[in-house]
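Heads up: the structure comes next, in structure tokens.
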Number of protein chains: 6
Amino acid sequence: MLNKHGNIQNFLGCDSDYANAQIVLFGAPYDATTSNRPGARFAPAAMRGESYALETYSPYIDKDLEADVAVYDAGDLELYGRSPTVVLDMIEQATAEILSDNKTPIMIGGEHLVTLGAIRAAYKKYPDLHIIHFDAHTDLRQDYLGEELSHATVIRRCHDLIGDNKIFQVGVRSGTKEEFEWRKTHLAQTLEHFIGKPVYFTLDLDVLDPSTMSGTGTPEAGGMTFNDLLNDILHLQKFNVIGCDIVELAPNYDTSGVSTATACKILRELILTIGGTQNG
Amino acid sequence: MLNKHGNIQNFLGCDSDYANAQIVLFGAPYDATTSNRPGARFAPAAMRGESYALETYSPYIDKDLEADVAVYDAGDLELYGRSPTVVLDMIEQATAEILSDNKTPIMIGGEHLVTLGAIRAAYKKYPDLHIIHFDAHTDLRQDYLGEELSHATVIRRCHDLIGDNKIFQVGVRSGTKEEFEWRKTHLAQTLEHFIGKPVYFTLDLDVLDPSTMSGTGTPEAGGMTFNDLLNDILHLQKFNVIGCDIVELAPNYDTSGVSTATACKILRELILTIGGTQNG
Amino acid sequence: MLNKHGNIQNFLGCDSDYANAQIVLFGAPYDATTSNRPGARFAPAAMRGESYALETYSPYIDKDLEADVAVYDAGDLELYGRSPTVVLDMIEQATAEILSDNKTPIMIGGEHLVTLGAIRAAYKKYPDLHIIHFDAHTDLRQDYLGEELSHATVIRRCHDLIGDNKIFQVGVRSGTKEEFEWRKTHLAQTLEHFIGKPVYFTLDLDVLDPSTMSGTGTPEAGGMTFNDLLNDILHLQKFNVIGCDIVELAPNYDTSGVSTATACKILRELILTIGGTQNG
Amino acid sequence: MLNKHGNIQNFLGCDSDYANAQIVLFGAPYDATTSNRPGARFAPAAMRGESYALETYSPYIDKDLEADVAVYDAGDLELYGRSPTVVLDMIEQATAEILSDNKTPIMIGGEHLVTLGAIRAAYKKYPDLHIIHFDAHTDLRQDYLGEELSHATVIRRCHDLIGDNKIFQVGVRSGTKEEFEWRKTHLAQTLEHFIGKPVYFTLDLDVLDPSTMSGTGTPEAGGMTFNDLLNDILHLQKFNVIGCDIVELAPNYDTSGVSTATACKILRELILTIGGTQNG
Amino acid sequence: MLNKHGNIQNFLGCDSDYANAQIVLFGAPYDATTSNRPGARFAPAAMRGESYALETYSPYIDKDLEADVAVYDAGDLELYGRSPTVVLDMIEQATAEILSDNKTPIMIGGEHLVTLGAIRAAYKKYPDLHIIHFDAHTDLRQDYLGEELSHATVIRRCHDLIGDNKIFQVGVRSGTKEEFEWRKTHLAQTLEHFIGKPVYFTLDLDVLDPSTMSGTGTPEAGGMTFNDLLNDILHLQKFNVIGCDIVELAPNYDTSGVSTATACKILRELILTIGGTQNG
Amino acid sequence: MLNKHGNIQNFLGCDSDYANAQIVLFGAPYDATTSNRPGARFAPAAMRGESYALETYSPYIDKDLEADVAVYDAGDLELYGRSPTVVLDMIEQATAEILSDNKTPIMIGGEHLVTLGAIRAAYKKYPDLHIIHFDAHTDLRQDYLGEELSHATVIRRCHDLIGDNKIFQVGVRSGTKEEFEWRKTHLAQTLEHFIGKPVYFTLDLDVLDPSTMSGTGTPEAGGMTFNDLLNDILHLQKFNVIGCDIVELAPNYDTSGVSTATACKILRELILTIGGTQNG
């Protein structure tokens with residue numbers, strides 16, 4: 001009756017051990033550079049807790065977390081109260097470790113800055129890295145109040161690394177005039193040349209309309225529905241996704257729990273979609 | 001000035017006496033088998049209280065609760081703290097009483113298990129009973145952790161009674177692989193043969209997308225809009241609806257009150273739609 | 001099984017009929033002059049709904065609502081959206097009706113202005129009326145932004161009617177310097193001469209510390225504990241209380257429900273205390 | 001470092017001085033006639049506070065609040081606790097002052113009754129005034145519980161002033177049968193003849209579906225999406241908008257903050273759309 | 001950097017393995033018989049998550065969870081959706097297992113009914129079992145709406161087992177007249193004879209005043225302060241506590257998180273107090 | 001009618017201009033090093049907004065913000081998204097500016113780290129600076145996860161500057177064993193020698209019991225009541241307070257608004273107490 005081997009809490013159905021896992025989940029509960037409303041730090045724990053209200057089976061793609069993919073949940077990096085530089089180093093190191101074991105990392109943020117740590121690791125392994133970026137916001141500022149490491153500059157920092165024409169944005173509807181101008185010449189305008197290339201998928205949940213995702217730091221009206229996003233995720237099967245993240249859930253702002261439940265469902269679909277597609 | 005005859009609180013516009021009523025409302029505030037988030041017990045009282053923010057008139061079908069239909073509100077059955085067996089007996093008895101007086105019962109849940117009590121009574125009167133079931137979830141498990149009476153098994157229990165090809169599901173998007181397989185061979189794939197038959201309509205409000213209905217125990221992204229559901233309800237005029245229920249509102253999870261207000265509006269439309277269509 | 005006589009919702013244990021009642025409850029859901037945070041309009045319905053979590057028996061005074069006192073609950077006056085003048089007339093008329101039938105009125109506010117309507121009726125029957133006033137605020141302004149009928153002026157308006165030395169305040173800790181000066185010369189400094197006189201008891205729940213009563217329009221730190229107030233209420237047995245009210249619960253500001261539950265318990269104790277003490 | 005000139009809080013980017021402003025914002029924090037849920041009084045302050053989470057730039061129309069329009073934010077009129085008659089006079093006077101200086105007023109409510117004050121001023125300057133009215137509710141009652149000045153009668157009062165065929169309603173889905181009948185013969189059925197005429201635009205935010213705007217006094221399912229409304233606002237460029245308002249945000253009912261953020265975005269788009277179109 | 005051994009989530013500082021533990025924690029997330037407001041099922045997970053905001057060190061008794069006691073956290077029994085009979089059997093079995101290994105069980109409820117399962121196991125090992133019961137409510141009903149297994153009858157059921165004069169209640173302030181009468185003759189009136197006997201300590205957190213513990217199903221004004229309870233817990237050192245529980249936290253009703261944080265602190269003090277005192 | 005000079009929002013009654021002010025308020029909305037629950041960044045704006053529900057007059061000390069003290073409110077420093085080093089420099093500079101003009105600074109945090117910036121400025125002007133520190137937590141760690149600038153180390157950093165026997169703590173009830181040991185030898189055990197010395201008063205609001213102050217990042221049961229704290233503040237008249245702050249209100253965690261209202265009242269009393277006592 002009594003479990004005598006430790007109170008292990010994974011995301012739903014992610015109970016593989018590390019050695020046998022194809023995918024490795026980890027949490028990056030950090031939100032210190034958030035300029036608007038903090039709370040993304042609470043996302044990984046909230047998602048694990050709420051995930052058990054979902055079924056492990058997806059009728060959308062007829063696959064099951066328990067039967068069709070092996071996922072290990074490594075828990076959270078201990079990031080609270082640290083400086084951005086240290087935080088990015090820790091995330092880079094954890095991601096590199098997963099990649100070097102030929103597994104696919106999925107990071108649960110945290111604010112969007114955490115993506116930079118994962119991209120640094122991915123870029124070291126895959127110098128031809130491409131990024132698909134879903135977001136309401138451009139995140140392309142050169143600096144934010146003088147700080148170069150910020151959730152508002154993160155994609156610009158990624159571009160610093162990987163260069164022109166390798167980042168594709170979906171759902172963007174907020175930014176400065178300068179950002180909108182800049183992206184016209186530096187970012188990719190089409191996804192065609194991403195096929196066959198190593199792709200990192202970064203999903204800022206505020207790409208969803210706030211009616212679906214109110215639990216986020218900076219909700220921005222006019223976004224995608226859940227079904228829009230679900231369809232786009234299912235299309236990731238066409239790409240060689242070598243890593244991904246899901247960021248900016250701030251569960252505390254949605255007391256109904258719907259934002260967290262929806263994030264969990266998206267993560268289930270994302271795992272089931274990219275399970276089996278990673279680079280061999 | 002002072003009302004000296006008792007503080008009667010009905011659902012909006014449902015102030016017929018019993019003898020003259022065509023429709024009889026009652027509440028079934030029960031949620032003890034809820035496996036995820038409880039709170040459906042609060043729905044009947046919340047809906048009565050909030051209903052007064054609505055108009056009695058529906059511009060959608062140009063009918064008015066005060067002028068065009070006679071409804072009696074019987075208040076709630078006293079179900080808190082009882083075992084599922086007793087609860088289902090009480091609901092069956094109340095429903096049977098209404099049906100034997102040739103009135104149409106509308107039950108406000110409570111969790112979905114309460115439907116089974118009403119179906120038992122309806123099936124005794126109408127051996128050829130058919131069920132139209134709106135829900136996000138299949139509710140077709142054989143048992144749930146060994147318990148056969150559960151919100152997660154309720155439609156399977158209904159099928160035990162009425163048999164194959166008599167249940168039609170709308171909006172389902174969550175379940176086990178086994179449930180999705182099972183329904184292919186046991187449930188109806190079309191509504192055509194339901195016309196002219198006695199039909200019970202059971203509406204689990206989580207069929208709506210959580211953006212519209214966050215106040216429910218297990219919100220499941222990717223559902224209907226309000227207008228989708230409204231149109232489907234208006235189409236019920238084609239059927240011989242002999243009873244119905246509206247279940248799984250858990251008003252406490254939506255502090256904005258929108259879920260409750262929306263449930264009230266759906267109930268108004270449901271009353272106005274089936275008023276006049278019951279079996280004579 | 002089925003109740004066929006109407007969905008009557010009273011405050012816990014207040015199910016006497018009017019003719020046999022010693023005490024008559026009624027709600028005055030009005031908050032239009034509230035200068036800070038509205039919501040007192042929701043108090044009567046919230047209190048009736050929550051009252052059923054209480055026992056009918058009070059171990060403090062060993063009396064029971066079902067056995068030891070006859071109370072009729074007349075429901076609410078329909079006050080929303082009306083002007084203060086009309087509202088006060090309606091309350092005065094309802095109170096007068098109860099008093100003329102030799103019953104004791106207990107009004108559930110609403111904001112504090114509603115007290116004035118009840119006092120007008122009480123003063124007509126009892127020209128020697130005295131008032132015991134529990135409140136965090138003086139409520140003694142001559143006018144508020146030019147308006148003479150306001151929750152901030154209500155006790156001054158009562159004083160206009162009944163004169164000096166007949167109002168005793170408890171718990172006051174907020175007001176203008178002018179109000180604090182004025183009360184020194186116009187209000188009673190002791191309760192001794194209230195004994196034997198007809199007394200109206202008006203209880204603004206913000207007299208309680210906000211740790212106990214956060215659900216009120218203008219919470220003011222530094223107030224009474226529940227046990228302080230309970231003791232004071234039990235001491236009302238020494239007075240000839242001919243009417244009372246309990247005002248300024250704004251249940252929407254306390255999502256824990258504690259403020260409403262506490263207000264219900266206070267009302268239970270108040271009913272059990274003054275039951276049997278009214279003027280014959 | 002230290003600001004020594006006062007803690008000025010404007011709506012985002014609205015920091016013109018009065019003399020140079022093309023548009024003048026002001027708040028009308030009033031909700032005393034609200035018949036359902038109060039809280040619209042909190043809207044102007046909430047919107048100013050939340051507006052800083054938005055960018056000043058609109059990618060929808062490629063204009064920027066800081067570069068392309070001069071707006072002065074006059075703060076709020078002091079309306080709490082006053083009678084409707086006084087409130088409407090104060091609003092009329094403020095609006096008249098702005099119009100007489102050949103600036104465009106934009107009022108942030110408050111409940112919908114506040115519109116009447118602005119319309120009175122606008123009608124005095126523009127006897128051929130037309131009104132475009134977005135709302136879920138008809139607001140066309142002759143009186144509400146005997147009161148002629150109410151959020152439920154406000155458009156009827158406007159019609160009393162300006163007459164038949166000059167008011168066009170969008171999004172209405174709730175009212176009495178009488179109101180729906182009345183509007184067929186008294187309101188405009190098309191917008192064609194509004195072009196070239198002075199137009200006042202009044203936007204009750206409950207025209208939006210509650211999934212997008214839960215923070216309002218009387219949410220009514222079945223409304224517009226944000227993108228629907230955005231498109232309609234952009235089309236206002238075709239009209240000579242001489243004043244407008246945005247009313248019935250009740251931010252307290254949406255604890256996620258999404259309703260307020262969305263209202264701010266709508267106001268940004270409204271300012272950028274009508275900036276440059278006012279009557280010369 | 002990366003944890004490759006599983007995402008173990010214990011209560012703060014309770015990371016002993018089973019074999020070496022002196023105390024074994026486990027959760028009993030069950031609330032199906034709750035007659036008022038459900039939610040106690042959420043307590044164990046909420047307490048583990050929030051516990052990390054506490055220090056492991058107690059300045060009150062100068063002991064530290066990491067240095068001075070060995071505790072194993074066994075996680076939760078899987079109780080949702082089961083019948084009371086099964087639930088009590090599962091709890092009895094888990095408790096018996098811990099006791100038979102000569103460790104002290106601490107159970108985190110769940111509603112109060114769960115205590116009965118633990119008491120059954122404790123009584124089998126210790127036929128002279130005594131119970132110290134902290135609660136706002138008597139919990140001494142013979143049945144509740146006909147059900148004998150209920151949170152409202154649990155202490156009566158315990159008495160059925162262990163008999164007269166062996167249960168001592170602290171903090172009780174709500175019940176029926178019958179319950180208050182019954183306890184005078186059947187429960188202990190003093191604790192003196194408990195010293196040296198095996199004692200089970202059951203703590204219903206609603207014994208605390210709702211100002212301190214609003215997150216509970218049935219808050220009852222007039223209770224203990226935190227410091228009152230802390231002092232009483234420290235006095236448990238005088239007794240031979242062979243098991244205990246902490247029940248009826250319903251974290252969802254206190255959105256401030258204070259109730260959960262306070263429950264965690266109480267559990268820390270309880271662990272540090274009884275660590276070292278159990279029967280050998 | 002219309003204000004044409006800008007929408008100035010000060011804390012209640014703090015409308016002096018800078019030149020004539022005796023006290024200068026400013027906000028430090030920063031919470032990036034918070035290790036537990038963020039939100040202190042929202043405090044200054046929330047307090048200004050809520051302050052208008054208070055009276056300007058204090059009956060406790062018979063003084064009035066409008067008549068008896070001249071306060072200038074400088075608004076907030078723009079700190080979001082910056083690194084701790086920059087933030088502390090900005091605060092130090094602002095505080096130094098106020099002190100050099102012979103005015104008394106009062107800072108509204110923000111998390112507790114902001115105090116260090118103010119202390120640096122105060123120490124430069126007053127080399128014999130003493131600190132009175134109210135807090136639930138010791139805040140005496142040498143570092144927190146390797147970071148030396150943190151809300152958990154702030155008083156240790158102050159001690160680094162000013163040395164032994166110059167800091168007196170009140171209300172501390174949480175910390176590591178090492179911190180409790182360290183303070184015995186480095187901090188002052190009595191306040192006697194503080195009289196006549198320049199004193200900085202830093203008030204972490206979590207010194208209050210969570211029943212009174214739930215809106216804070218790390219609520220810790222067992223704290224002061226409001227009246228306890230009020231009395232202590234009134235006793236500050238005995239000291240030469242040359243600056244102070246009030247930190248760690250996180251208004252978002254207390255949806256009742258009580259925490260913010262209480263913080264405002266404390267600030268009113270603090271202003272009225274130290275007004276007139278600063279060093280000449």
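By order in the structure tokens, chains are A, B, ...; within a chain, residues start at 1; ligands start at 1, following the order shown.
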
Would you give me, as a Markdown table, each residue of range 58-164 of chain B having an atom within 10 Å of an atom of range 72-86 of chain E, along with its shortest atom pair and that distance in Å to one decimal, using only C-alpha atoms and sorting by chain and residue number?
```
| residue | atom | partner | partner_atom | distance |
| --- | --- | --- | --- | --- |
| B:Ser83 | CA | E:Ser83 | CA | 8.1 |
| B:Pro84 | CA | E:Ser83 | CA | 8.9 |
| B:Tyr144 | CA | E:Gly81 | CA | 7.4 |
| B:Leu145 | CA | E:Arg82 | CA | 7.0 |
| B:Gly146 | CA | E:Arg82 | CA | 7.8 |
| B:Glu147 | CA | E:Arg82 | CA | 6.5 |
| B:Glu148 | CA | E:Arg82 | CA | 9.9 |
| B:Leu149 | CA | E:Gly81 | CA | 9.4 |
| B:Ser150 | CA | E:Gly81 | CA | 7.3 |
| B:His151 | CA | E:Gly81 | CA | 9.0 |
| B:Ala152 | CA | E:Gly81 | CA | 9.5 |
```

Limited to C-alpha atoms, could you put the picked residues into a file as an mmCIF file, in the first residue's frame?
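The result, written out as again-v9.cif:
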```
data_model
loop_
_atom_site.group_PDB
_atom_site.id
_atom_site.type_symbol
_atom_site.label_atom_id
_atom_site.label_comp_id
_atom_site.auth_asym_id
_atom_site.auth_seq_id
_atom_site.Cartn_x
_atom_site.Cartn_y
_atom_site.Cartn_z
ATOM 1 C CA SER B 83 -23.663 7.957 -1.005
ATOM 2 C CA PRO B 84 -23.998 7.705 -4.814
ATOM 3 C CA TYR B 144 -13.061 4.393 -12.394
ATOM 4 C CA LEU B 145 -10.572 3.104 -9.826
ATOM 5 C CA GLY B 146 -12.959 0.231 -9.312
ATOM 6 C CA GLU B 147 -16.062 2.363 -8.757
ATOM 7 C CA GLU B 148 -18.828 1.797 -11.309
ATOM 8 C CA LEU B 149 -20.861 4.855 -10.314
ATOM 9 C CA SER B 150 -18.782 7.846 -11.278
ATOM 10 C CA HIS B 151 -18.916 10.975 -13.390
ATOM 11 C CA ALA B 152 -16.366 9.186 -15.611
#
```

Next on the checklist: I'd like the neighbourhood of Pro59 in chain F as a PyMOL selection string, where a residue qualifies if any of its atoms comes within 8 Å (using only C-alpha atoms), though same-chain residues fewer than 5 positions away should be ignored.
Outcome noted: chain C and resi 173-175+177+180

Checklist entry - Can you list, as a list in words, every protein, DNA or RNA residue that comes within 8 Å of range 127-135 of chain A when you count only C-alpha atoms, leaving out same-chain residues fewer than 3 positions away? => result Ala122, Tyr123, Lys124, Thr138, Ile162, Lys166, Ile167, Phe168, Gln169, Val170, Gly171, Val172, Phe194, Lys197, Pro198, Val199, Tyr200, Phe201, Thr202, Leu203, Asp204, Leu205, Asp206 and Val207 of chain A

Next on the checklist: Show me, as a PyMOL selection string, every residue of chain D with an atom at most 12 Å from chain B, counting only C-alpha atoms.
Outcome noted: chain D and resi 34-37+136-138+152+172-181+206+209-225+250-259

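One distance worth recording is that between CA of Val69 in chain A and CA of Thr104 in chain A, which is 11.8 Å.
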
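CA of Leu249 in chain F to CA of Gly39 in chain F spans 7.9 Å [interatomic distance, one decimal].
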
Checklist entry - Skipping near chain neighbours, those fewer than 3 positions away, what residues fall within 12 Å of His235 in chain C using only C-alpha atoms, listed as a PyMOL selection string? => result chain C and resi 61+191+195+201+228-232+238-241+269-270+273-274+277

Item to check | Distance query Ala28 in chain C at most 10 Å, only C-alpha atoms, self and fewer than 3 positions along chain excluded, as JSON, numbers by chain | outcome: {"C": [31, 40, 41, 42, 43, 44, 75, 76, 77, 78, 79, 80, 87, 88, 90, 91, 107, 108, 109, 110, 111, 114, 115, 245, 247]}

Checklist entry - Where does DSSP see alpha helix (DSSP H) in range 116-167 of chain D, if you list the residues as an NGL selection string? => result :D and (116-125 or 154-162)

Only N, CA and C atoms, please: the residues just picked out, written as a CSV table (one decimal), in the first residue's frame.
```csv
chain,number,residue,atom,x,y,z
D,116,LEU,N,-24.7,60.1,-21.5
D,116,LEU,CA,-25.7,61.1,-21.7
D,116,LEU,C,-25.2,62.5,-21.5
D,117,GLY,N,-24.3,62.7,-20.5
D,117,GLY,CA,-23.7,64.0,-20.3
D,117,GLY,C,-22.9,64.5,-21.5
D,118,ALA,N,-22.1,63.6,-22.0
D,118,ALA,CA,-21.3,64.0,-23.2
D,118,ALA,C,-22.2,64.2,-24.4
D,119,ILE,N,-23.2,63.5,-24.6
D,119,ILE,CA,-24.1,63.7,-25.7
D,119,ILE,C,-24.8,65.0,-25.6
D,120,ARG,N,-25.2,65.4,-24.4
D,120,ARG,CA,-25.8,66.7,-24.3
D,120,ARG,C,-24.9,67.8,-24.8
D,121,ALA,N,-23.7,67.7,-24.4
D,121,ALA,CA,-22.7,68.8,-24.8
D,121,ALA,C,-22.5,68.7,-26.3
D,122,ALA,N,-22.3,67.5,-26.8
D,122,ALA,CA,-22.1,67.3,-28.3
D,122,ALA,C,-23.2,67.8,-29.1
D,123,TYR,N,-24.4,67.5,-28.6
D,123,TYR,CA,-25.6,67.9,-29.4
D,123,TYR,C,-25.8,69.4,-29.4
D,124,LYS,N,-25.4,70.1,-28.3
D,124,LYS,CA,-25.5,71.6,-28.4
D,124,LYS,C,-24.5,72.1,-29.4
D,125,LYS,N,-23.4,71.5,-29.6
D,125,LYS,CA,-22.5,72.0,-30.6
D,125,LYS,C,-22.8,71.5,-32.0
D,154,VAL,N,-30.2,54.8,-21.1
D,154,VAL,CA,-29.3,56.0,-21.6
D,154,VAL,C,-29.5,56.2,-23.1
D,155,ILE,N,-29.6,55.2,-23.9
D,155,ILE,CA,-29.7,55.5,-25.3
D,155,ILE,C,-31.1,56.0,-25.7
D,156,ARG,N,-32.1,55.6,-24.9
D,156,ARG,CA,-33.5,56.2,-25.1
D,156,ARG,C,-33.4,57.7,-24.8
D,157,ARG,N,-32.7,58.1,-23.7
D,157,ARG,CA,-32.6,59.5,-23.4
D,157,ARG,C,-31.8,60.3,-24.5
D,158,CYS,N,-30.8,59.6,-25.1
D,158,CYS,CA,-30.1,60.2,-26.2
D,158,CYS,C,-31.1,60.4,-27.4
D,159,HIS,N,-31.9,59.4,-27.6
D,159,HIS,CA,-32.9,59.5,-28.7
D,159,HIS,C,-33.9,60.7,-28.4
D,160,ASP,N,-34.3,60.8,-27.2
D,160,ASP,CA,-35.2,62.0,-26.8
D,160,ASP,C,-34.6,63.3,-27.3
D,161,LEU,N,-33.2,63.4,-27.3
D,161,LEU,CA,-32.6,64.6,-27.7
D,161,LEU,C,-32.5,64.7,-29.3
D,162,ILE,N,-32.0,63.6,-29.9
D,162,ILE,CA,-31.6,63.8,-31.3
D,162,ILE,C,-32.5,63.2,-32.3
```

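Coordinates place CA of Ala19 in chain A at a distance of 22.6 Å from CA of Lys4 in chain A.
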
Checklist entry - Residues of range 38-233 of chain C in strand (DSSP E or B) according to DSSP, as an MDAnalysis selection string? => result chainID C and resid 57:58 63:64 71:76 104:109 130:134 137 144 147 167:170 174 198:204 208 216 224
